[in-house]
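Chemist: File input_38.txt below, compact mmCIF, C-alpha atoms:
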```
# COMPACT_ATOMS: atom_id res chain seq x y z
CA MET A 1 60.45 71.91 23.72
CA LYS A 2 63.15 73.04 26.12
CA LEU A 3 61.98 70.51 28.75
CA PHE A 4 62.24 67.77 26.12
CA LYS A 5 65.78 68.82 25.26
CA THR A 6 66.78 68.99 28.93
CA ALA A 7 65.48 65.47 29.56
CA ALA A 8 67.31 64.15 26.52
CA VAL A 9 70.56 65.78 27.54
CA ALA A 10 70.15 64.41 31.06
CA GLY A 11 69.71 60.92 29.63
CA VAL A 12 72.87 61.23 27.57
CA ILE A 13 74.81 62.48 30.60
CA VAL A 14 73.57 59.58 32.75
CA SER A 15 74.60 57.09 30.08
CA ALA A 16 78.03 58.68 29.82
CA LEU A 17 78.52 58.57 33.59
CA THR A 18 77.47 54.92 33.73
CA GLY A 19 80.00 54.05 31.04
CA CYS A 20 82.76 55.83 32.90
CA GLN A 21 82.30 53.94 36.20
CA SER A 22 84.43 50.99 34.96
CA THR A 23 87.49 53.17 34.40
CA GLY A 24 87.81 54.04 38.10
CA ASN A 25 88.86 57.34 39.54
CA THR A 26 92.48 57.18 38.40
CA GLN A 27 92.27 60.31 36.31
CA ASN A 28 92.78 63.73 37.86
CA SER A 29 90.33 66.54 37.33
CA ALA A 30 91.15 68.83 34.39
CA PRO A 31 92.22 72.34 35.28
CA ASP A 32 89.50 75.03 35.11
CA THR A 33 90.52 76.95 32.02
CA THR A 34 88.50 79.22 29.75
CA ASN A 35 88.45 78.24 26.09
CA PRO A 36 88.93 81.37 23.88
CA GLN A 37 86.75 79.78 21.22
CA GLN A 38 83.97 79.31 23.79
CA VAL A 39 84.20 82.99 24.79
CA ALA A 40 83.92 84.05 21.13
CA THR A 41 80.93 81.76 20.69
CA GLN A 42 79.17 83.29 23.69
CA THR A 43 79.87 86.77 22.33
CA ASP A 44 78.35 85.79 19.01
CA ALA A 45 75.36 84.31 20.86
CA PHE A 46 74.61 87.52 22.72
CA THR A 47 75.04 89.61 19.56
CA LEU A 48 72.64 87.32 17.72
CA PHE A 49 70.23 87.44 20.65
CA GLU A 50 70.06 91.24 20.43
CA GLN A 51 69.17 90.95 16.74
CA ILE A 52 66.46 88.41 17.52
CA LYS A 53 65.18 90.60 20.33
CA ALA A 54 64.78 93.52 17.91
CA GLU A 55 62.91 91.34 15.39
CA GLN A 56 60.60 90.02 18.11
CA SER A 57 59.81 93.54 19.33
CA GLN A 58 58.97 94.75 15.83
CA TRP A 59 56.73 91.82 14.98
CA HIS A 60 55.07 91.87 18.37
CA GLU A 61 53.64 95.29 17.47
CA THR A 62 52.65 94.09 14.00
CA MET A 63 50.88 90.99 15.29
CA ALA A 64 48.98 92.94 17.95
CA ASP A 65 46.42 94.12 15.37
CA LEU A 66 45.13 91.09 13.50
CA GLU A 67 41.46 91.58 14.32
CA SER A 68 40.82 93.65 11.18
CA PHE A 69 42.18 90.86 8.98
CA LYS A 70 39.58 88.33 10.14
CA LEU A 71 37.06 89.82 7.70
CA TYR A 72 39.27 88.79 4.78
CA SER A 73 40.26 85.27 5.86
CA PRO A 74 39.64 83.85 9.33
CA GLY A 75 41.56 80.70 8.35
CA LYS A 76 44.71 82.55 7.31
CA VAL A 77 44.53 84.62 10.49
CA ARG A 78 44.43 81.43 12.60
CA ASP A 79 47.42 79.99 10.70
CA LEU A 80 49.31 83.22 11.23
CA GLN A 81 48.50 83.26 14.94
CA ASP A 82 49.68 79.64 15.31
CA ALA A 83 52.95 80.38 13.51
CA TRP A 84 53.54 83.42 15.67
CA GLU A 85 52.81 81.44 18.83
CA GLU A 86 55.49 78.87 17.90
CA THR A 87 57.93 81.66 17.09
CA THR A 88 57.28 83.27 20.46
CA GLU A 89 57.83 79.95 22.29
CA VAL A 90 61.32 79.62 20.81
CA TYR A 91 62.02 83.25 21.62
CA ASN A 92 61.00 82.69 25.25
CA ASP A 93 63.44 79.76 25.42
CA ILE A 94 66.23 82.02 24.17
CA VAL A 95 65.30 84.76 26.66
CA GLU A 96 65.76 82.31 29.55
CA ASP A 97 69.42 81.77 28.55
CA PRO A 98 70.68 84.01 25.70
CA SER A 99 73.97 82.09 25.64
CA GLU A 100 72.09 79.14 24.09
CA THR A 101 71.23 81.21 21.01
CA THR A 102 73.92 79.46 18.98
CA GLU A 103 73.43 76.01 20.58
CA ASP A 104 71.50 73.16 19.00
CA TYR A 105 67.77 73.52 19.32
CA SER A 106 67.27 69.74 19.56
CA ILE A 107 69.39 66.62 19.69
CA PHE A 108 67.50 65.48 16.64
CA SER A 109 68.46 68.55 14.62
CA SER A 110 71.63 70.43 13.89
CA ALA A 111 69.76 73.77 13.74
CA THR A 112 70.51 76.26 16.50
CA TYR A 113 67.96 78.19 18.51
CA ALA A 114 68.64 81.22 16.38
CA GLU A 115 68.16 79.28 13.16
CA LYS A 116 64.95 77.71 14.44
CA TYR A 117 63.62 81.11 15.49
CA MET A 118 64.41 82.69 12.13
CA GLU A 119 62.81 79.73 10.36
CA LEU A 120 59.55 80.15 12.28
CA LEU A 121 59.68 83.93 11.94
CA GLY A 122 60.09 83.48 8.19
CA GLU A 123 56.91 81.37 8.11
CA THR A 124 55.13 84.09 10.10
CA LYS A 125 56.28 86.79 7.71
CA ALA A 126 55.19 84.77 4.68
CA LEU A 127 51.70 84.21 6.11
CA TYR A 128 51.40 87.88 7.02
CA GLN A 129 52.40 88.92 3.51
CA GLN A 130 49.78 86.57 2.02
CA LEU A 131 47.17 88.12 4.28
CA THR A 132 48.08 91.69 3.36
CA GLN A 133 48.05 90.85 -0.36
CA LEU A 134 44.63 89.24 0.04
CA LYS A 135 43.38 92.35 1.84
CA ALA A 136 44.65 94.65 -0.92
CA GLN A 137 42.96 92.50 -3.59
CA ALA A 138 39.65 92.36 -1.71
CA ASP A 139 39.68 96.09 -0.97
CA GLU A 140 40.02 96.80 -4.67
CA LEU A 141 37.47 94.29 -5.99
CA LEU A 142 34.89 94.84 -3.24
CA ALA A 143 35.32 98.60 -2.81
CA ASP A 144 31.65 99.35 -3.59
CA SER A 145 30.41 96.70 -1.17
CA ILE A 146 32.73 97.88 1.60
CA SER A 147 31.52 101.46 1.14
CA GLN A 148 27.86 100.38 1.13
CA MET A 149 28.26 98.31 4.29
CA ASP A 150 30.00 101.17 6.06
CA TYR A 151 27.11 103.44 5.12
CA LEU A 152 24.57 100.96 6.50
CA ASP A 153 26.51 100.94 9.77
CA GLN A 154 26.45 104.75 9.83
CA LEU A 155 22.66 104.63 9.50
CA ASP A 156 22.54 102.26 12.50
CA THR A 157 20.75 99.69 10.35
CA LYS A 158 21.37 96.96 12.90
CA THR A 159 19.13 98.78 15.38
CA ALA A 160 16.44 99.69 12.85
CA TYR A 161 16.14 96.25 11.20
CA ALA A 162 18.19 93.65 13.08
CA SER A 163 17.03 90.63 11.06
CA ASP A 164 17.56 92.28 7.68
CA TYR A 165 20.95 93.51 8.80
CA SER A 166 22.02 90.00 9.83
CA GLN A 167 21.08 88.64 6.40
CA ILE A 168 22.85 91.38 4.49
CA HIS A 169 25.93 91.07 6.71
CA ALA A 170 26.12 87.32 6.03
CA SER A 171 26.05 88.05 2.28
CA TYR A 172 28.75 90.63 2.81
CA LEU A 173 31.05 88.15 4.56
CA LYS A 174 30.51 85.62 1.78
CA LEU A 175 31.98 88.05 -0.74
CA PHE A 176 35.31 87.89 1.10
CA ARG A 177 35.21 84.10 1.19
CA TYR A 178 35.01 84.12 -2.60
CA ILE A 179 38.10 86.32 -2.77
CA ASP A 180 39.92 84.16 -0.23
CA GLU A 181 39.22 81.07 -2.34
CA ASN A 182 40.21 82.94 -5.51
CA GLU A 183 36.72 82.62 -7.00
CA LEU A 184 36.75 86.11 -8.44
CA ASN A 185 33.93 85.67 -10.97
CA ASP A 186 31.59 84.36 -8.28
CA ALA A 187 32.61 87.29 -6.08
CA GLN A 188 31.70 89.85 -8.74
CA PHE A 189 28.36 88.20 -9.48
CA ALA A 190 27.50 87.97 -5.78
CA GLN A 191 28.55 91.59 -5.29
CA VAL A 192 25.91 92.80 -7.77
CA LYS A 193 23.18 91.01 -5.84
CA PHE A 194 24.55 92.24 -2.53
CA LEU A 195 24.60 95.89 -3.63
CA ASP A 196 21.00 95.69 -4.83
CA LYS A 197 19.75 94.22 -1.54
CA ALA A 198 21.88 96.59 0.53
CA LYS A 199 20.51 99.62 -1.35
CA GLN A 200 16.94 98.48 -0.74
CA LEU A 201 17.73 98.10 2.95
CA GLU A 202 19.28 101.58 2.99
CA ILE A 203 16.09 103.08 1.53
CA LYS A 204 14.04 101.11 4.04
CA VAL A 205 16.04 102.55 6.93
CA VAL A 206 15.74 106.14 5.67
CA LEU A 207 11.99 105.70 5.10
CA LYS A 208 11.61 104.47 8.66
CA LYS A 209 13.45 107.50 9.99
CA TYR A 210 11.62 110.19 7.99
CA VAL A 211 8.37 108.83 6.60
CA THR A 212 7.17 106.50 9.33
CA PRO A 213 6.57 109.35 11.87
CA LEU A 214 4.63 111.32 9.23
CA LYS A 215 2.44 108.38 8.36
CA ALA A 216 1.83 107.80 12.05
CA LYS A 217 0.44 111.37 12.20
CA LEU A 218 -1.87 110.70 9.25
CA LEU A 219 -3.11 107.56 10.97
CA GLU A 220 -3.77 109.58 14.12
CA PHE A 221 -5.75 112.10 12.06
CA ARG A 222 -7.91 109.35 10.61
CA THR A 223 -8.45 107.92 14.07
CA THR A 224 -9.64 111.29 15.41
CA LYS A 225 -11.68 111.96 12.24
CA LEU A 226 -9.67 115.02 11.25
CA ASN A 227 -9.79 113.78 7.67
CA PHE A 228 -13.58 114.33 7.79
CA GLN A 229 -13.43 117.68 9.57
CA ALA A 230 -10.83 119.12 7.17
CA PRO A 231 -10.73 116.79 4.15
CA LEU A 232 -9.04 119.23 1.76
CA THR A 233 -6.15 120.14 4.03
CA TYR A 234 -5.79 116.50 5.06
CA GLN A 235 -5.42 115.46 1.42
CA GLN A 236 -2.79 118.15 0.93
CA ALA A 237 -0.86 116.85 3.94
CA GLU A 238 -1.15 113.30 2.62
CA ALA A 239 0.26 114.43 -0.73
CA GLU A 240 3.24 116.11 0.93
CA VAL A 241 4.03 112.94 2.87
CA ALA A 242 3.99 111.03 -0.40
CA LYS A 243 6.49 113.54 -1.81
CA VAL A 244 8.85 112.78 1.07
CA GLU A 245 8.66 109.08 0.28
CA LEU A 246 9.31 109.76 -3.40
CA ALA A 247 12.33 111.94 -2.60
CA ILE A 248 13.86 109.14 -0.52
CA LYS A 249 13.31 106.52 -3.20
CA THR A 250 14.78 108.86 -5.82
CA ASP A 251 17.96 109.54 -3.85
CA SER A 252 18.14 108.26 -0.31
CA ARG A 253 21.33 110.24 0.35
CA ASP A 254 20.10 113.68 -0.69
CA PHE A 255 19.25 114.68 2.85
CA LYS A 256 18.90 118.35 1.98
CA ALA A 257 15.98 117.61 -0.36
CA ILE A 258 14.56 115.00 2.01
CA GLU A 259 14.60 117.29 5.05
CA GLN A 260 13.03 120.13 3.05
CA ALA A 261 10.22 117.80 1.94
CA VAL A 262 9.75 116.66 5.54
CA LYS A 263 9.50 120.28 6.68
CA THR A 264 6.78 121.00 4.11
CA ALA A 265 4.87 117.86 5.10
CA GLU A 266 5.03 118.75 8.79
CA PHE A 267 3.71 122.22 7.96
CA GLU A 268 0.71 120.74 6.17
CA LEU A 269 0.05 118.34 9.02
CA ASN A 270 -0.03 121.24 11.48
CA HIS A 271 -2.21 123.17 9.03
CA THR A 272 -4.66 120.30 9.00
CA VAL A 273 -4.91 120.36 12.79
CA ASN A 274 -5.55 124.12 12.87
CA VAL A 275 -8.23 124.01 10.15
CA ALA A 276 -9.94 121.11 11.89
CA ASN A 277 -9.93 123.06 15.15
CA GLU A 278 -11.57 126.08 13.48
CA VAL A 279 -14.19 123.85 11.89
CA THR A 280 -14.86 122.33 15.29
CA LYS A 281 -15.35 125.80 16.79
CA LEU A 282 -17.85 126.70 14.10
CA SER A 283 -19.72 123.47 14.57
CA LEU A 284 -20.08 124.24 18.26
CA VAL A 285 -21.84 127.58 17.65
CA LYS A 286 -25.36 127.37 19.02
CA ASN A 287 -28.46 128.61 17.28
CA ARG A 288 -26.38 129.51 14.29
CA ASN A 289 -25.11 132.57 16.14
CA PHE A 290 -22.04 133.16 13.95
CA GLU A 291 -21.77 136.93 14.46
CA PRO A 292 -19.31 136.75 17.41
CA VAL A 293 -17.10 134.46 15.35
CA VAL A 294 -17.17 136.85 12.39
CA LEU A 295 -16.46 139.85 14.61
CA ASN A 296 -13.51 138.04 16.13
CA TYR A 297 -11.98 137.45 12.68
CA GLU A 298 -12.72 141.05 11.76
CA LYS A 299 -10.96 142.25 14.89
CA SER A 300 -7.84 140.30 13.98
CA LEU A 301 -7.75 141.89 10.52
CA LEU A 302 -8.26 145.36 12.01
CA GLU A 303 -5.33 144.93 14.39
CA ILE A 304 -3.08 144.05 11.44
CA SER A 305 -4.16 147.02 9.30
CA GLN A 306 -3.80 149.39 12.25
CA GLN A 307 -0.25 148.23 12.82
CA ILE A 308 0.70 148.77 9.15
CA ASP A 309 -0.69 152.22 8.35
CA GLY A 310 -3.57 152.85 10.77
CA ALA A 311 -6.22 152.06 8.12
CA ASP A 312 -9.66 150.55 8.84
CA TYR A 313 -11.11 148.27 6.15
CA ARG A 314 -14.08 146.86 8.07
CA ASP A 315 -16.51 148.39 5.60
CA GLN A 316 -15.35 145.78 3.08
CA SER A 317 -15.65 142.01 2.85
CA PHE A 318 -13.01 139.81 4.43
CA GLY A 319 -11.49 139.07 1.03
CA LYS A 320 -11.19 142.78 0.13
CA GLN A 321 -9.85 143.55 3.61
CA ALA A 322 -7.10 140.97 3.13
CA LYS A 323 -6.18 142.41 -0.29
CA ALA A 324 -6.13 145.97 1.07
CA ILE A 325 -3.90 144.92 3.94
CA LEU A 326 -1.58 143.15 1.51
CA ALA A 327 -1.42 146.27 -0.72
CA SER A 328 -0.61 148.46 2.27
CA LEU A 329 2.09 146.06 3.35
CA GLN A 330 3.62 146.07 -0.14
CA ALA A 331 3.55 149.86 -0.27
CA ASN A 332 5.18 150.02 3.10
CA ASN A 333 7.82 147.58 1.96
CA SER A 334 8.41 149.67 -1.17
CA GLU A 335 8.88 152.77 0.96
CA VAL A 336 11.28 150.96 3.22
CA SER A 337 13.06 149.61 0.16
CA GLY A 338 13.38 153.15 -1.24
CA GLN A 339 14.81 154.34 2.04
CA ASN A 340 17.22 151.45 2.01
CA ASP A 341 18.31 152.35 -1.52
CA GLU A 342 18.86 155.97 -0.49
CA LEU A 343 20.86 154.88 2.54
CA ALA A 344 22.86 152.55 0.33
CA GLN A 345 23.68 155.42 -2.03
CA GLN A 346 24.70 157.61 0.87
CA LEU A 347 26.86 154.84 2.20
CA SER A 348 28.47 154.39 -1.22
CA SER A 349 29.13 158.13 -1.48
CA ARG A 350 30.63 158.26 2.00
CA THR A 351 32.76 155.26 1.16
CA GLN A 352 34.13 156.97 -1.94
CA GLU A 353 34.88 160.12 0.06
CA LEU A 354 36.61 158.04 2.66
CA ASN A 355 38.71 156.37 -0.02
CA VAL A 356 39.77 159.80 -1.34
CA VAL A 357 40.69 160.95 2.16
CA GLN A 358 42.65 157.78 2.77
CA ALA A 359 44.52 158.27 -0.53
CA LYS A 360 45.40 161.85 0.47
CA LEU A 361 46.47 160.67 3.89
CA GLN A 362 48.73 158.06 2.36
CA ALA A 363 50.26 160.70 0.01
CA THR A 364 50.81 163.07 2.96
CA GLN A 365 52.43 160.30 4.96
CA ALA A 366 54.72 159.54 2.01
CA GLU A 367 55.69 163.24 1.74
CA LEU A 368 56.29 163.40 5.47
CA ALA A 369 58.51 160.34 5.29
CA ALA A 370 60.49 161.92 2.41
CA SER A 371 60.85 165.17 4.39
CA GLN A 372 62.08 163.32 7.43
CA THR A 373 64.63 161.48 5.29
CA ALA A 374 65.84 164.77 3.75
CA LEU A 375 65.98 166.37 7.21
CA GLN A 376 68.08 163.54 8.56
CA HIS A 377 70.39 163.88 5.55
CA GLU A 378 70.78 167.64 6.13
CA LYS A 379 71.41 167.05 9.80
CA ALA A 380 74.16 164.60 8.96
CA LEU A 381 75.75 167.11 6.55
CA SER A 382 75.51 169.88 9.18
CA GLU A 383 77.21 167.71 11.77
CA ARG A 384 79.94 166.84 9.29
CA LEU A 385 80.44 170.53 8.37
CA SER A 386 80.56 171.50 12.05
CA THR A 387 83.25 168.90 12.61
CA LEU A 388 85.28 170.24 9.68
CA LEU A 389 84.94 173.85 10.90
CA GLU A 390 86.02 172.90 14.38
CA SER A 391 89.06 171.12 12.99
CA TYR A 392 89.81 174.12 10.75
CA SER A 393 89.49 176.54 13.66
CA LYS A 394 91.94 174.52 15.74
CA THR A 395 94.44 174.54 12.86
CA VAL A 396 94.18 178.37 12.47
CA GLN A 397 94.62 178.88 16.20
CA THR A 398 97.73 176.76 16.12
CA VAL A 399 99.21 178.80 13.27
CA ILE A 400 98.41 182.15 14.98
CA THR A 401 100.00 180.98 18.19
CA ALA A 402 103.12 179.85 16.35
CA ASN A 403 103.38 183.17 14.44
CA SER A 404 103.07 185.39 17.52
CA ALA A 405 105.69 183.56 19.55
CA PRO A 406 109.06 185.50 20.17
CA PRO A 407 111.89 184.52 17.87
CA LYS A 408 114.54 182.19 19.17
CA PRO A 409 118.24 182.77 18.43
CA THR A 410 119.67 180.45 15.86
CA ALA A 411 123.16 179.14 15.35
CA THR A 412 123.99 182.09 13.05
CA GLY A 413 122.73 184.61 15.57
CA GLU A 414 119.62 185.59 13.62
CA ALA A 415 116.13 185.51 14.98
CA GLY A 416 114.34 182.54 13.50
CA ASN A 417 110.75 181.51 13.15
CA THR A 418 109.78 177.98 13.94
CA ALA A 419 106.98 177.98 11.46
CA PRO A 420 107.83 177.18 7.86
CA ALA A 421 108.24 180.12 5.53
CA THR A 422 105.24 179.20 3.52
CA LEU A 423 103.07 179.02 6.64
CA ARG A 424 104.39 182.33 7.99
CA GLU A 425 103.61 184.03 4.76
CA ALA A 426 100.17 182.51 4.71
CA VAL A 427 99.15 184.24 7.93
CA SER A 428 97.99 187.86 7.60
CA PRO A 429 99.87 190.11 10.03
CA THR A 430 96.78 192.24 10.58
CA THR A 431 93.87 189.77 10.84
CA GLY A 432 95.71 186.61 11.74
CA SER A 433 93.74 184.70 9.13
CA ILE A 434 95.07 182.37 6.54
CA GLU A 435 95.42 183.78 3.06
CA PRO A 436 94.48 181.01 0.68
CA GLN A 437 96.69 182.36 -2.11
CA SER A 438 99.69 182.31 0.23
CA LEU A 439 99.30 178.62 0.92
CA ASN A 440 100.85 177.74 -2.43
CA PRO A 441 104.23 176.09 -2.10
CA VAL A 442 107.23 178.45 -2.36
CA PRO A 443 109.23 177.68 -5.48
CA THR A 444 112.71 176.55 -4.82
CA THR A 445 115.69 178.16 -6.55
CA THR A 446 118.65 176.35 -7.82
CA ASN A 447 122.09 177.76 -7.45
```
Could you quickly redo this structure as structure tokens?

Modeler:
Amino acid sequence: MKLFKTAAVAGVIVSALTGCQSTGNTQNSAPDTTNPQQVATQTDAFTLFEQIKAEQSQWHETMADLESFKLYSPGKVRDLQDAWEETTEVYNDIVEDPSETTEDYSIFSSATYAEKYMELLGETKALYQQLTQLKAQADELLADSISQMDYLDQLDTKTAYASDYSQIHASYLKLFRYIDENELNDAQFAQVKFLDKAKQLEIKVVLKKYVTPLKAKLLEFRTTKLNFQAPLTYQQAEAEVAKVELAIKTDSRDFKAIEQAVKTAEFELNHTVNVANEVTKLSLVKNRNFEPVVLNYEKSLLEISQQIDGADYRDQSFGKQAKAILASLQANNSEVSGQNDELAQQLSSRTQELNVVQAKLQATQAELAASQTALQHEKALSERLSTLLESYSKTVQTVITANSAPPKPTATGEAGNTAPATLREAVSPTTGSIEPQSLNPVPTTTN
């Protein structure tokens, strides 16, 4: 645009010069003076440029993150990007020469660069506002679908079932096209179908994560004939796997219940393996010589009973041995429980005693604090009394000194005392102490 303007201005200048050739060179060059109005215009141009620069900086940050809006309307995002690109082109022209901010943008238009920039920026702002309003509307109407799709992404559905994920994602994008085209009824109807399919895919993903490995174990058992060697335990394991599947279909997000069901199923699968191994050992016994096997089991039971209370139950059947061991274990637990109760009572008693001691300690500390406060108060009084006594002693010493001094002759020839009569009389001639009753003022007599 600026190149076009430059070429046009050049053409006008050439035409003007060509027209001036016929007038000759009789005119003198005009003096180089600065027009005050031109200076004011340049000042206004730079001031306006700073305002434009601030607007450009602000919207540059805003326009840097348009990727998230493409979900709502790719078309509106493209229009917004085009408008911003045109706005930036005009801004770049102004940056090259800020003094042109108030000059005409084109010879075909009376609008200045600043006016053209603000016009394009206004279009950009309007498109951005439309896009944000569309986003707010879609977020509200499609909240359930947005949440469901986010959850599928958390489950890494794209890795588990890439084809199914692509189909559900296409349906998800179509919901936003309905909102963009203001077809709200179609959007709500399509959302119901989307949520149903997405939920089924969610269950499918969770089943693959938790149930598929368990079923693979069952298949392995059938391949190795464990279901024939231990049919009862195999059926129990199969039932527990079915419970896991049922838990997922009931609530595919209750992972606490799902993981507990998986744990039980895995236990039964391991149980199946162990039972099958024992059956295999028995089947390998030659000549039906089962005594070593029985003695081995008996030895295991004996070791357990010996550890509990040293008892020996081998004179009973395996079933009775197991019950006797269980009874001994319960009795032992009861004894331990009784000891624990006794210890708990002792602990409670000691705790109560400790609380009493702590209460007494707190009371003693309070008394000690009160005693310290009283002691400090008495100390302050003692210091004050000592100060008063010291001052009093100095006063007495001054009076005694004044009373024992030799009399000085007065103008009338009589020996006089410098101390006032009342003070002289107040001092005892024998002890030198002050007589309190003599400190009363001497009444004056009137002639």

Chemist: Hey, what's within 12 Å of Ala261 in chain A if we count all atoms listed in the file and toss same-chain stuff fewer than 6 positions away? As a short mmCIF file (atom, residue, chain, number, x, y, z; two decimals) with C-alpha atoms, keeping the file's coordinate frame, please?

Modeler:
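So part-v1.cif came out as:
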```cif
data_model
loop_
_atom_site.label_atom_id
_atom_site.label_comp_id
_atom_site.auth_asym_id
_atom_site.auth_seq_id
_atom_site.Cartn_x
_atom_site.Cartn_y
_atom_site.Cartn_z
CA TYR A 210 11.62 110.19 7.99
CA VAL A 211 8.37 108.83 6.60
CA LEU A 214 4.63 111.32 9.23
CA ALA A 237 -0.86 116.85 3.94
CA ALA A 239 0.26 114.43 -0.73
CA GLU A 240 3.24 116.11 0.93
CA VAL A 241 4.03 112.94 2.87
CA ALA A 242 3.99 111.03 -0.40
CA LYS A 243 6.49 113.54 -1.81
CA VAL A 244 8.85 112.78 1.07
CA GLU A 245 8.66 109.08 0.28
CA LEU A 246 9.31 109.76 -3.40
CA ALA A 247 12.33 111.94 -2.60
CA ILE A 248 13.86 109.14 -0.52
CA ASP A 254 20.10 113.68 -0.69
CA PHE A 255 19.25 114.68 2.85
CA PHE A 267 3.71 122.22 7.96
CA GLU A 268 0.71 120.74 6.17
#
```

Chemist: For the point (17.1, 105.4, -1.7) in file coordinates, what residues are within 8 Å, counting all atoms listed in the file? Give the answer as a VMD selection string?

Modeler: chain A and resid 199 to 200 202 to 204 206 248 to 253

Chemist: CA of Gln148 in chain A and CA of Ala160 in chain A, how far apart in Å?

Modeler: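 Computing it gives 16.4 Å between the two atoms.
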
Chemist: If the box runs along x, y and z of the file and leaves 6 Å on each side of range 58-77 of chain A, what are its centre and edge lengths in Å, one decimal, as JSON?

Modeler:
```
{"center_x": 48.0, "center_y": 88.0, "center_z": 11.6, "size_x": 33.9, "size_y": 26.6, "size_z": 25.6}
```

Chemist: Would you work out the distance separating CA of Val396 in chain A from CA of Ser382 in chain A, expressed in Å to one decimal?

Modeler: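 So the answer is 20.8 Å.
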
Chemist: Rounded to one decimal, what separation in Å do you get between CA of Ala363 in chain A and CA of Ser348 in chain A?

Modeler: 22.7 Å

Chemist: Please provide the set of residues having any atom within 12 Å of range 57-60 of chain A, restricted to all atoms listed in the file, with same-chain residues fewer than 4 positions apart removed, written as a list in words.

Modeler: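 With the cut-off at 12 Å, the set is Glu50, Gln51, Ile52, Lys53, Ala64, Asp65, Leu66, Leu80, Gln81, Trp84, Glu85, Thr87, Thr88, Tyr91, Leu121, Gly122, Thr124, Lys125 and Tyr128 of chain A.
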
Chemist: Which one of A:Glu298, A:Leu282, A:Leu226, A:Gln372 sits closest to Gln321 in chain A if you count all atoms listed in the file?

Modeler: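 Ranking A:Glu298, A:Leu282, A:Leu226, A:Gln372 by distance to Gln321 in chain A, first place goes to A:Glu298.
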
Chemist: Name the closest residue to Glu123 in chain A among the candidates A:Pro292, A:Asn333, A:Ala198, A:Asp79; distances are taken between atoms, counting all atoms listed in the file.

Modeler: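 Residue with the minimum atom-to-atom distance to Glu123 in chain A: A:Asp79.
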
Chemist: Of the candidates A:Ile94, A:Lys225, A:Asp186, A:Leu131, which one gets nearest to Arg78 in chain A if we count all atoms listed in the file?

Modeler: A:Leu131

Chemist: Which residue, A:Ala380, A:Val399, A:Met63, A:Ala143, has the smallest gap to Leu127 in chain A when you use only C-alpha atoms?

Modeler: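 That would be A:Met63, the residue with the smallest distance to Leu127 in chain A.
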
Chemist: Taking (72.2, 80.0, 29.2) as a centre in this file's frame and 12 Å as the limit, can you find every polymer residue with an atom that close, using all atoms listed in the file, and give them as number ranges by chain?

Modeler: A: 2, 42, 45-46, 49, 93-103, 113

Chemist: Of the candidates A:Val205, A:Ile107, A:Leu71, A:Leu218, which one gets nearest to Tyr172 in chain A if we count all atoms listed in the file?

Modeler: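 So, comparing all the options, the nearest one is A:Leu71.
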
Chemist: Counting all atoms listed in the file, which residue out of A:Val90, A:Lys70, A:Lys197, A:His271 sits closest to Thr112 in chain A?

Modeler: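 For Thr112 in chain A, the nearest of the given residues is A:Val90.
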